[in-house]
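Note: the block below is query35.cif and it holds mmCIF, C-alpha atoms.
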```cif
data_coords
loop_
_atom_site.label_atom_id
_atom_site.label_comp_id
_atom_site.auth_asym_id
_atom_site.auth_seq_id
_atom_site.Cartn_x
_atom_site.Cartn_y
_atom_site.Cartn_z
CA MET A 1 -27.70 -5.38 -11.49
CA LYS A 2 -27.18 -2.19 -9.57
CA LYS A 3 -23.79 -0.61 -9.96
CA TYR A 4 -22.68 1.05 -6.76
CA PHE A 5 -19.84 2.84 -8.44
CA ASP A 6 -19.87 5.11 -11.44
CA PRO A 7 -19.10 2.90 -14.44
CA GLU A 8 -17.55 5.91 -16.13
CA ASP A 9 -15.08 6.29 -13.30
CA LYS A 10 -11.64 6.67 -14.84
CA THR A 11 -9.84 4.61 -12.22
CA VAL A 12 -12.10 1.65 -12.81
CA LYS A 13 -11.57 2.08 -16.53
CA LEU A 14 -7.82 1.97 -15.85
CA LEU A 15 -8.16 -1.57 -14.51
CA GLU A 16 -10.29 -2.79 -17.43
CA GLU A 17 -7.88 -1.23 -19.90
CA ARG A 18 -4.95 -2.88 -18.17
CA ILE A 19 -6.64 -6.29 -18.24
CA ALA A 20 -7.46 -5.85 -21.92
CA LYS A 21 -3.86 -4.82 -22.65
CA ASP A 22 -1.89 -7.24 -20.46
CA GLY A 23 -4.22 -10.05 -19.45
CA ARG A 24 -3.44 -13.34 -21.13
CA ILE A 25 -6.23 -15.85 -21.64
CA PHE A 26 -5.47 -19.56 -21.78
CA GLU A 27 -7.60 -22.60 -22.51
CA GLY A 28 -9.54 -23.76 -19.49
CA ASP A 29 -10.76 -20.27 -18.59
CA ILE A 30 -7.40 -19.25 -17.16
CA LEU A 31 -6.62 -15.52 -16.91
CA LYS A 32 -3.03 -14.50 -16.19
CA VAL A 33 -2.35 -10.96 -15.03
CA ASP A 34 1.17 -11.63 -13.87
CA ASN A 35 2.65 -8.36 -15.00
CA PHE A 36 0.56 -6.06 -12.80
CA LEU A 37 -1.15 -8.19 -10.16
CA ASN A 38 -0.05 -11.78 -9.53
CA HIS A 39 3.74 -11.71 -9.77
CA GLN A 40 4.81 -8.19 -10.58
CA ILE A 41 2.48 -5.72 -8.90
CA ASP A 42 1.81 -2.28 -10.34
CA VAL A 43 1.68 -0.63 -6.94
CA ASP A 44 0.71 2.76 -8.34
CA LEU A 45 -2.37 1.22 -9.96
CA MET A 46 -3.17 -0.75 -6.79
CA VAL A 47 -3.03 2.45 -4.71
CA LYS A 48 -5.61 4.02 -7.02
CA LEU A 49 -7.82 0.94 -6.84
CA SER A 50 -7.54 0.78 -3.05
CA ARG A 51 -8.87 4.37 -2.96
CA GLU A 52 -11.88 3.15 -4.96
CA PHE A 53 -12.55 0.55 -2.29
CA TYR A 54 -12.28 3.27 0.33
CA LYS A 55 -14.81 5.44 -1.52
CA LEU A 56 -17.22 2.51 -1.87
CA PHE A 57 -17.13 1.53 1.80
CA GLU A 58 -16.12 4.70 3.61
CA LYS A 59 -19.49 5.04 5.40
CA ASP A 60 -19.45 1.48 6.71
CA ASN A 61 -17.20 1.95 9.76
CA VAL A 62 -14.74 -0.66 8.55
CA ASN A 63 -12.24 -1.48 11.29
CA LYS A 64 -10.59 -4.56 9.78
CA VAL A 65 -9.67 -5.77 6.30
CA LEU A 66 -9.55 -9.53 5.64
CA THR A 67 -7.95 -11.30 2.70
CA ILE A 68 -6.33 -14.64 1.93
CA GLU A 69 -2.69 -15.28 1.08
CA ALA A 70 -0.84 -14.62 -1.13
CA SER A 71 -1.52 -12.37 -4.10
CA GLY A 72 -4.44 -10.51 -2.51
CA ILE A 73 -2.23 -9.25 0.32
CA ALA A 74 -0.84 -6.26 -1.59
CA VAL A 75 -4.10 -4.55 -2.54
CA ALA A 76 -5.67 -5.56 0.78
CA CYS A 77 -2.77 -3.92 2.64
CA LEU A 78 -3.12 -0.71 0.63
CA THR A 79 -6.87 -0.74 1.29
CA ALA A 80 -6.28 -1.17 5.03
CA GLU A 81 -3.90 1.80 4.79
CA GLN A 82 -6.77 3.88 3.33
CA PHE A 83 -9.07 2.88 6.20
CA GLY A 84 -6.33 3.24 8.82
CA CYS A 85 -7.09 -0.24 10.15
CA PRO A 86 -5.31 -3.59 10.50
CA LEU A 87 -5.20 -6.28 7.85
CA VAL A 88 -5.73 -9.97 8.64
CA PHE A 89 -4.81 -12.54 6.05
CA ALA A 90 -6.25 -16.03 6.19
CA LYS A 91 -3.71 -18.79 5.77
CA LYS A 92 -4.11 -21.73 3.47
CA SER A 93 -3.75 -25.09 5.16
CA ARG A 94 -3.79 -28.47 3.48
CA THR A 95 -4.31 -30.18 6.80
CA SER A 96 -7.63 -30.23 8.58
CA ASN A 97 -7.68 -27.69 11.38
CA MET A 98 -11.39 -28.04 11.89
CA GLY A 99 -10.93 -29.54 15.32
CA ASN A 100 -8.48 -26.89 16.40
CA ASN A 101 -10.12 -24.66 18.98
CA GLU A 102 -7.75 -21.78 18.34
CA VAL A 103 -8.79 -21.03 14.76
CA TYR A 104 -11.78 -20.41 12.57
CA ALA A 105 -11.58 -22.59 9.47
CA SER A 106 -13.61 -23.03 6.31
CA PRO A 107 -12.99 -25.27 3.28
CA VAL A 108 -12.09 -23.85 -0.14
CA HIS A 109 -12.00 -25.59 -3.49
CA SER A 110 -9.63 -23.96 -5.96
CA PHE A 111 -10.92 -24.54 -9.49
CA THR A 112 -7.79 -22.90 -10.89
CA HIS A 113 -5.45 -25.34 -9.20
CA ASN A 114 -8.00 -28.15 -8.79
CA ASN A 115 -7.23 -28.70 -5.13
CA ASP A 116 -8.83 -28.30 -1.73
CA TYR A 117 -7.56 -26.50 1.32
CA ASN A 118 -8.81 -24.80 4.44
CA ALA A 119 -8.80 -21.06 4.97
CA ILE A 120 -7.68 -20.49 8.57
CA VAL A 121 -7.86 -17.42 10.81
CA SER A 122 -6.76 -17.35 14.44
CA LYS A 123 -9.60 -16.59 16.84
CA ASN A 124 -7.42 -13.83 18.29
CA TYR A 125 -7.90 -11.60 15.25
CA LEU A 126 -11.66 -11.49 14.72
CA SER A 127 -14.19 -10.53 17.37
CA PRO A 128 -17.93 -9.76 17.44
CA SER A 129 -17.39 -5.99 17.43
CA ASP A 130 -15.38 -6.10 14.17
CA ARG A 131 -16.76 -4.64 10.95
CA VAL A 132 -14.87 -6.50 8.27
CA LEU A 133 -14.23 -5.59 4.65
CA ILE A 134 -13.11 -8.63 2.65
CA ILE A 135 -10.68 -7.81 -0.18
CA ASP A 136 -9.50 -10.23 -2.85
CA ASP A 137 -8.01 -10.03 -6.29
CA PHE A 138 -10.27 -12.54 -8.08
CA LEU A 139 -13.85 -13.71 -7.81
CA ALA A 140 -14.95 -16.60 -10.03
CA LYS A 141 -17.09 -19.34 -8.49
CA GLY A 142 -16.77 -17.66 -5.11
CA SER A 143 -15.33 -20.51 -3.07
CA ALA A 144 -12.63 -18.45 -1.33
CA LEU A 145 -14.96 -15.51 -0.72
CA MET A 146 -17.63 -17.80 0.75
CA ALA A 147 -15.02 -19.28 3.09
CA LEU A 148 -13.83 -15.86 4.25
CA SER A 149 -17.40 -14.73 4.79
CA ASP A 150 -18.11 -17.94 6.71
CA ILE A 151 -15.08 -17.34 8.93
CA VAL A 152 -16.27 -13.81 9.75
CA SER A 153 -19.72 -15.21 10.60
CA GLN A 154 -18.20 -17.85 12.87
CA SER A 155 -16.46 -15.10 14.82
CA GLY A 156 -19.67 -13.13 15.29
CA ALA A 157 -18.19 -10.15 13.43
CA THR A 158 -20.02 -8.31 10.65
CA VAL A 159 -19.14 -8.56 6.96
CA VAL A 160 -19.74 -5.06 5.61
CA GLY A 161 -19.00 -6.30 2.11
CA ALA A 162 -16.38 -7.52 -0.29
CA GLY A 163 -14.15 -5.53 -2.61
CA ILE A 164 -12.88 -7.51 -5.59
CA LEU A 165 -10.51 -6.42 -8.32
CA ILE A 166 -11.59 -8.78 -11.09
CA GLU A 167 -14.90 -10.64 -11.18
CA LYS A 168 -15.56 -13.29 -13.82
CA VAL A 169 -19.26 -12.57 -13.82
CA TYR A 170 -20.16 -15.55 -16.01
CA GLN A 171 -18.84 -17.95 -13.34
CA GLY A 172 -21.71 -17.02 -11.06
CA GLY A 173 -19.86 -16.79 -7.75
CA GLY A 174 -20.57 -13.08 -7.33
CA ASP A 175 -24.31 -13.45 -7.81
CA LEU A 176 -24.39 -16.46 -5.49
CA ILE A 177 -22.80 -14.41 -2.74
CA ARG A 178 -24.93 -11.35 -3.45
CA SER A 179 -28.01 -13.57 -3.17
CA ARG A 180 -26.98 -14.23 0.42
CA GLY A 181 -27.20 -10.54 1.19
CA ILE A 182 -23.51 -9.69 1.00
CA ARG A 183 -22.57 -6.54 -0.86
CA VAL A 184 -19.91 -7.38 -3.45
CA GLU A 185 -18.18 -4.60 -5.36
CA SER A 186 -15.97 -5.64 -8.27
CA LEU A 187 -13.87 -3.01 -10.00
CA ALA A 188 -13.60 -4.93 -13.27
CA ARG A 189 -16.41 -7.23 -14.36
CA ILE A 190 -15.60 -9.67 -17.12
CA ALA A 191 -18.76 -10.78 -18.94
CA SER A 192 -16.84 -13.16 -21.16
CA MET A 193 -13.30 -13.94 -22.24
CA ASP A 194 -11.85 -16.09 -24.94
CA PRO A 195 -8.28 -16.70 -26.17
CA VAL A 196 -9.30 -15.60 -29.66
CA LYS A 197 -12.03 -13.01 -29.15
CA GLY A 198 -10.51 -11.43 -26.05
CA PHE A 199 -12.45 -9.74 -23.25
CA VAL A 200 -15.97 -8.38 -22.96
CA PHE A 201 -16.60 -6.27 -19.88
CA GLU A 202 -19.98 -5.51 -18.36
CA MET B 1 29.16 -2.60 12.82
CA LYS B 2 28.19 0.64 11.22
CA LYS B 3 24.60 1.67 11.76
CA TYR B 4 23.25 3.46 8.73
CA PHE B 5 20.20 4.66 10.59
CA ASP B 6 19.93 6.61 13.79
CA PRO B 7 19.51 4.03 16.55
CA GLU B 8 17.57 6.60 18.54
CA ASP B 9 15.04 6.92 15.76
CA LYS B 10 11.61 6.68 17.34
CA THR B 11 10.07 4.66 14.53
CA VAL B 12 12.72 1.99 14.83
CA LYS B 13 12.16 1.97 18.57
CA LEU B 14 8.46 1.41 17.87
CA LEU B 15 9.27 -1.89 16.20
CA GLU B 16 11.57 -3.09 18.99
CA GLU B 17 9.00 -2.11 21.58
CA ARG B 18 6.31 -3.97 19.69
CA ILE B 19 8.44 -7.10 19.43
CA ALA B 20 9.21 -6.93 23.15
CA LYS B 21 5.51 -6.47 23.95
CA ASP B 22 3.87 -8.91 21.53
CA GLY B 23 6.55 -11.27 20.24
CA ARG B 24 6.23 -14.78 21.59
CA ILE B 25 9.34 -16.92 21.89
CA PHE B 26 9.09 -20.70 21.66
CA GLU B 27 11.61 -23.48 22.10
CA GLY B 28 13.69 -24.07 19.00
CA ASP B 29 14.41 -20.38 18.45
CA ILE B 30 10.92 -19.67 17.10
CA LEU B 31 9.65 -16.07 17.21
CA LYS B 32 5.95 -15.49 16.56
CA VAL B 33 4.80 -11.99 15.74
CA ASP B 34 1.39 -13.01 14.51
CA ASN B 35 -0.51 -10.08 15.93
CA PHE B 36 1.23 -7.33 14.00
CA LEU B 37 3.20 -8.94 11.17
CA ASN B 38 2.60 -12.57 10.20
CA HIS B 39 -1.16 -13.03 10.40
CA GLN B 40 -2.71 -9.79 11.55
CA ILE B 41 -0.74 -6.87 10.14
CA ASP B 42 -0.53 -3.53 11.92
CA VAL B 43 -0.65 -1.56 8.69
CA ASP B 44 -0.14 1.79 10.41
CA LEU B 45 3.14 0.52 11.90
CA MET B 46 4.17 -1.00 8.56
CA VAL B 47 3.59 2.34 6.80
CA LYS B 48 5.95 4.00 9.27
CA LEU B 49 8.55 1.29 8.80
CA SER B 50 8.27 1.46 5.01
CA ARG B 51 9.09 5.18 5.28
CA GLU B 52 12.25 4.20 7.16
CA PHE B 53 13.26 1.98 4.26
CA TYR B 54 12.61 4.88 1.93
CA LYS B 55 14.82 7.18 3.98
CA LEU B 56 17.60 4.59 4.06
CA PHE B 57 17.63 3.96 0.30
CA GLU B 58 16.18 7.11 -1.19
CA LYS B 59 19.45 8.09 -2.91
CA ASP B 60 19.90 4.71 -4.57
CA ASN B 61 17.59 5.16 -7.57
CA VAL B 62 15.52 2.14 -6.63
CA ASN B 63 13.11 1.26 -9.45
CA LYS B 64 11.92 -2.15 -8.25
CA VAL B 65 11.20 -3.81 -4.91
CA LEU B 66 11.60 -7.58 -4.63
CA THR B 67 10.28 -9.83 -1.88
CA ILE B 68 9.12 -13.43 -1.45
CA GLU B 69 5.60 -14.62 -0.69
CA ALA B 70 3.70 -14.45 1.54
CA SER B 71 4.10 -12.45 4.74
CA GLY B 72 6.72 -10.05 3.35
CA ILE B 73 4.35 -8.83 0.65
CA ALA B 74 2.57 -6.26 2.82
CA VAL B 75 5.57 -4.22 3.97
CA ALA B 76 7.24 -4.67 0.57
CA CYS B 77 4.15 -3.27 -1.14
CA LEU B 78 4.06 -0.25 1.18
CA THR B 79 7.79 0.29 0.54
CA ALA B 80 7.21 0.15 -3.23
CA GLU B 81 4.47 2.73 -2.71
CA GLN B 82 7.05 5.03 -1.05
CA PHE B 83 9.43 4.63 -3.98
CA GLY B 84 6.65 4.86 -6.58
CA CYS B 85 7.87 1.68 -8.22
CA PRO B 86 6.55 -1.83 -8.93
CA LEU B 87 6.84 -4.76 -6.54
CA VAL B 88 7.86 -8.24 -7.68
CA PHE B 89 7.30 -11.15 -5.35
CA ALA B 90 9.20 -14.38 -5.83
CA LYS B 91 7.08 -17.48 -5.69
CA LYS B 92 7.89 -20.57 -3.70
CA SER B 93 7.98 -23.76 -5.72
CA ARG B 94 8.46 -27.26 -4.36
CA THR B 95 9.20 -28.55 -7.84
CA SER B 96 12.48 -27.98 -9.58
CA ASN B 97 12.15 -25.20 -12.12
CA MET B 98 15.89 -25.00 -12.63
CA GLY B 99 15.61 -26.19 -16.21
CA ASN B 100 12.80 -23.79 -17.03
CA ASN B 101 14.11 -21.14 -19.38
CA GLU B 102 11.38 -18.67 -18.48
CA VAL B 103 12.34 -18.15 -14.83
CA TYR B 104 15.23 -17.33 -12.56
CA ALA B 105 15.35 -19.81 -9.70
CA SER B 106 17.44 -20.28 -6.58
CA PRO B 107 17.16 -22.87 -3.79
CA VAL B 108 16.11 -21.94 -0.26
CA HIS B 109 16.26 -23.98 2.91
CA SER B 110 13.73 -22.93 5.51
CA PHE B 111 15.10 -23.65 8.97
CA THR B 112 11.79 -22.61 10.52
CA HIS B 113 9.79 -25.17 8.57
CA ASN B 114 12.69 -27.56 7.92
CA ASN B 115 11.97 -27.85 4.22
CA ASP B 116 13.49 -26.90 0.87
CA TYR B 117 11.95 -25.01 -1.99
CA ASN B 118 12.95 -22.86 -4.93
CA ALA B 119 12.42 -19.13 -5.10
CA ILE B 120 11.21 -18.36 -8.62
CA VAL B 121 10.95 -15.09 -10.56
CA SER B 122 9.83 -14.80 -14.16
CA LYS B 123 12.53 -13.44 -16.47
CA ASN B 124 9.99 -10.88 -17.65
CA TYR B 125 10.18 -8.92 -14.42
CA LEU B 126 13.89 -8.36 -13.84
CA SER B 127 16.25 -6.80 -16.36
CA PRO B 128 19.84 -5.52 -16.32
CA SER B 129 18.79 -1.88 -15.96
CA ASP B 130 16.85 -2.58 -12.74
CA ARG B 131 18.04 -1.27 -9.40
CA VAL B 132 16.43 -3.63 -6.93
CA LEU B 133 15.71 -3.17 -3.23
CA ILE B 134 15.01 -6.51 -1.54
CA ILE B 135 12.52 -6.31 1.33
CA ASP B 136 11.70 -9.10 3.75
CA ASP B 137 10.21 -9.46 7.18
CA PHE B 138 12.79 -11.80 8.72
CA LEU B 139 16.50 -12.45 8.38
CA ALA B 140 18.00 -15.36 10.32
CA LYS B 141 20.48 -17.61 8.54
CA GLY B 142 19.92 -15.69 5.34
CA SER B 143 18.87 -18.48 3.00
CA ALA B 144 15.90 -16.65 1.46
CA LEU B 145 17.81 -13.38 1.14
CA MET B 146 20.75 -15.13 -0.52
CA ALA B 147 18.36 -16.71 -3.01
CA LEU B 148 16.70 -13.39 -3.84
CA SER B 149 20.09 -11.74 -4.24
CA ASP B 150 21.21 -14.61 -6.45
CA ILE B 151 18.11 -14.22 -8.64
CA VAL B 152 18.80 -10.50 -9.09
CA SER B 153 22.39 -11.32 -10.04
CA GLN B 154 21.25 -13.92 -12.57
CA SER B 155 19.15 -11.25 -14.27
CA GLY B 156 22.05 -8.82 -14.51
CA ALA B 157 20.18 -6.27 -12.39
CA THR B 158 21.77 -4.48 -9.42
CA VAL B 159 20.97 -5.21 -5.79
CA VAL B 160 21.09 -1.81 -4.09
CA GLY B 161 20.55 -3.46 -0.75
CA ALA B 162 18.13 -5.26 1.52
CA GLY B 163 15.66 -3.83 4.00
CA ILE B 164 14.70 -6.24 6.77
CA LEU B 165 12.21 -5.75 9.57
CA ILE B 166 13.62 -8.20 12.10
CA GLU B 167 17.16 -9.61 12.05
CA LYS B 168 18.18 -12.38 14.41
CA VAL B 169 21.77 -11.17 14.50
CA TYR B 170 23.07 -14.21 16.38
CA GLN B 171 22.06 -16.50 13.50
CA GLY B 172 24.76 -14.97 11.34
CA GLY B 173 22.87 -14.64 8.06
CA GLY B 174 23.07 -10.86 8.00
CA ASP B 175 26.83 -10.78 8.48
CA LEU B 176 27.30 -13.50 5.87
CA ILE B 177 25.43 -11.42 3.31
CA ARG B 178 27.13 -8.18 4.33
CA SER B 179 30.48 -9.94 3.85
CA ARG B 180 29.52 -10.38 0.21
CA GLY B 181 29.24 -6.64 -0.19
CA ILE B 182 25.48 -6.31 0.05
CA ARG B 183 24.14 -3.52 2.19
CA VAL B 184 21.64 -4.97 4.68
CA GLU B 185 19.55 -2.64 6.85
CA SER B 186 17.53 -4.25 9.62
CA LEU B 187 15.11 -2.10 11.59
CA ALA B 188 15.11 -4.35 14.66
CA ARG B 189 18.21 -6.34 15.54
CA ILE B 190 17.76 -9.12 18.05
CA ALA B 191 21.06 -9.97 19.78
CA SER B 192 19.49 -12.81 21.73
CA MET B 193 16.10 -14.15 22.71
CA ASP B 194 14.96 -16.74 25.18
CA PRO B 195 11.50 -17.94 26.31
CA VAL B 196 12.41 -17.05 29.90
CA LYS B 197 14.75 -14.09 29.65
CA GLY B 198 13.01 -12.43 26.72
CA PHE B 199 14.69 -10.22 24.12
CA VAL B 200 17.98 -8.38 24.00
CA PHE B 201 18.29 -5.90 21.12
CA GLU B 202 21.53 -4.54 19.70
#
```
Go ahead and render the structure in this file as structure tokens.
Amino acid sequence: MKKYFDPEDKTVKLLEERIAKDGRIFEGDILKVDNFLNHQIDVDLMVKLSREFYKLFEKDNVNKVLTIEASGIAVACLTAEQFGCPLVFAKKSRTSNMGNNEVYASPVHSFTHNNDYNAIVSKNYLSPSDRVLIIDDFLAKGSALMALSDIVSQSGATVVGAGILIEKVYQGGGDLIRSRGIRVESLARIASMDPVKGFVFE
Amino acid sequence: MKKYFDPEDKTVKLLEERIAKDGRIFEGDILKVDNFLNHQIDVDLMVKLSREFYKLFEKDNVNKVLTIEASGIAVACLTAEQFGCPLVFAKKSRTSNMGNNEVYASPVHSFTHNNDYNAIVSKNYLSPSDRVLIIDDFLAKGSALMALSDIVSQSGATVVGAGILIEKVYQGGGDLIRSRGIRVESLARIASMDPVKGFVFE
């Protein structure tokens, strides 16, 4: 597939190197990056990565960044800082808010936690004139990203694309979403991972 | 009480003005600031406020910022950016992890949601040499802040203080924690609030 960013870019290499060094792979296709992303956050690294997202989407007139709680909030906030725009984070709700007229809602299945929830955004914070960049830390089967994209569509706003830190390419979610015409940029693309053999990046 | 910051500081006034303009007060002492802090985040304002936290604690050799998921993550991340240090966010767990040797845990009662949970931090991310600045968006009765402070103490690290965006002074949590010798700096201090009469700031 086409790479929008320079694969030799040193900042992008920084993320792959960090995953290779500190990522822990568990049975069941679980990747833990708790020491720089999902519990302790290496903010210096995240600032550099947020600048990559800015470079990738700087010509797209982004006026709002959208993510989903909780661990994506940090890099999404730093990305919004780069664009000088607000951040909206979707909330996770176990209860059905589908009949609630005040929110946009879309269902998500978490394969990691094997549960279902709704992603919820108040109608106050998305409008048809918005040009929305979706930011998230992980992309696997794409359920959360599809829900966020669906919510933006419900509002009549435009999805300019999605910026992802770590894509598990072999899970297929990225290609599914790209096939629907959404530009998805992932800074680290894992082609395969295995507790014994480690990581292979694209 | 002693004010560590200049109460005439324009940035601090920005936050009070924003609360007065956009904060919505509901019965039961509920304050909603969804349009700039708890759902949509005014990142430009948060950057300015994070610089205030930096000014307040810049001589304290802070090397780690600690917060609790989810809505405090944004301003905590921007504050960590100012200090050039990592951010750790405590996770909320409904299950008892008290017997888990891999984490520090402390109980929290949420008066807003009327539920109990544990704040959890992996032992990997706090150590005795750490000088920790706790950042959170709200301080009311102080249950979450006490738990975070307790977790830092368990690890042997030092709490240099706490930076809070909005303190409901009349709830008493801030004074309780100050009475234990912890420096607490709140950028907006609500002396009283009422759905009809609105806000009074200290």
- Query: Of the candidates A:Lys13, A:Lys168, A:Arg18, A:Lys91, which one gets nearest to Ala119 (chain A) if we count all atoms listed in the file?
  - Reply: A:Lys91
Contacts of chain B with chain A up to 7 Å, shortest pair per row, all atoms listed in the file, as CSV:
```
residue,atom,partner,partner_atom,distance
B:His39,CA,A:Phe89,CA,5.7
B:Gln40,CA,A:Val88,CA,4.2
B:Ile41,CA,A:Leu87,CA,5.0
B:Asp42,CA,A:Pro86,CA,5.0
B:Val43,CA,A:Pro86,CA,5.4
B:Asp44,CA,A:Gly84,CA,6.6
B:Glu69,CA,A:Ala70,CA,6.5
B:Ala70,CA,A:Ala70,CA,5.3
B:Ile73,CA,A:Ala74,CA,6.2
B:Ala74,CA,A:Ala74,CA,5.6
B:Cys77,CA,A:Ala74,CA,5.8
B:Ala80,CA,A:Val43,CA,6.7
B:Glu81,CA,A:Val43,CA,6.1
B:Gly84,CA,A:Asp44,CA,6.5
B:Cys85,CA,A:Val43,CA,6.7
B:Pro86,CA,A:Asp42,CA,5.0
B:Leu87,CA,A:Ile41,CA,5.0
B:Val88,CA,A:Gln40,CA,4.2
B:Phe89,CA,A:His39,CA,5.7
B:Tyr125,CA,A:Gln40,CA,6.6
```
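Excluding region 146-162 of chain A and any residue on its chain fewer than 6 positions from it, the residues at most 7 Å away by only C-alpha atoms are Asp60, Tyr104, Ala105, Ser106, Pro107, Val108, Ala119, Leu126, Ser127, Pro128, Ser129, Asp130, Arg131, Val132, Leu133, Ile134, Ile135, Ile182, Arg183, Val184 and Glu185 of chain A.
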- Query: Could you state the separation of CA of Leu15 (chain B) and CA of Asn115 (chain B) in Å, given to one decimal place?
  - Reply: 28.7 Å
- Message: Please return as JSON, numbers by chain every residue within 6 Å of (14.1, -5.6, 26.2), taking into account only C-alpha atoms and the file's own coordinates.
- Response: {"B": [20, 199, 200]}
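Matched in the shown structure by the PyMOL selection byres ((chain B and resi 164) around 9): Phe53, Ile134, Ile135, Asp136, Asp137, Phe138, Leu139, Ala162, Gly163, Leu165, Ile166, Glu167, Val184, Glu185, Ser186, Leu187 and Ala188 of chain B.
You will find CA of Asn101 (chain A) at 28.4 Å from CA of Gly181 (chain A).
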- Message: What would the selection look like, as a list in words, if the PyMOL selection byres ((chain B and resi 192) around 10) were run on the coordinates I just shared?
- Response: Asp29, Lys168, Val169, Tyr170, Gln171, Arg189, Ile190, Ala191, Met193, Asp194, Lys197, Gly198, Phe199, Val200, Phe201 and Glu202 of chain B
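Our summary of the geometry notes that CA of Val62 (chain A) is positioned 26.4 Å from CA of Ile19 (chain B).
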So which residues get picked by the PyMOL selection byres ((chain A and resi 116) around 12) here, written as a CSV table (one decimal) with C-alpha atoms, in the frame of the given file?
```
chain,number,residue,atom,x,y,z
A,92,LYS,CA,-4.1,-21.7,3.5
A,93,SER,CA,-3.8,-25.1,5.2
A,94,ARG,CA,-3.8,-28.5,3.5
A,95,THR,CA,-4.3,-30.2,6.8
A,96,SER,CA,-7.6,-30.2,8.6
A,106,SER,CA,-13.6,-23.0,6.3
A,107,PRO,CA,-13.0,-25.3,3.3
A,108,VAL,CA,-12.1,-23.8,-0.1
A,109,HIS,CA,-12.0,-25.6,-3.5
A,110,SER,CA,-9.6,-24.0,-6.0
A,111,PHE,CA,-10.9,-24.5,-9.5
A,112,THR,CA,-7.8,-22.9,-10.9
A,113,HIS,CA,-5.4,-25.3,-9.2
A,114,ASN,CA,-8.0,-28.2,-8.8
A,115,ASN,CA,-7.2,-28.7,-5.1
A,117,TYR,CA,-7.6,-26.5,1.3
A,118,ASN,CA,-8.8,-24.8,4.4
A,119,ALA,CA,-8.8,-21.1,5.0
A,143,SER,CA,-15.3,-20.5,-3.1
A,144,ALA,CA,-12.6,-18.4,-1.3
A,147,ALA,CA,-15.0,-19.3,3.1
```
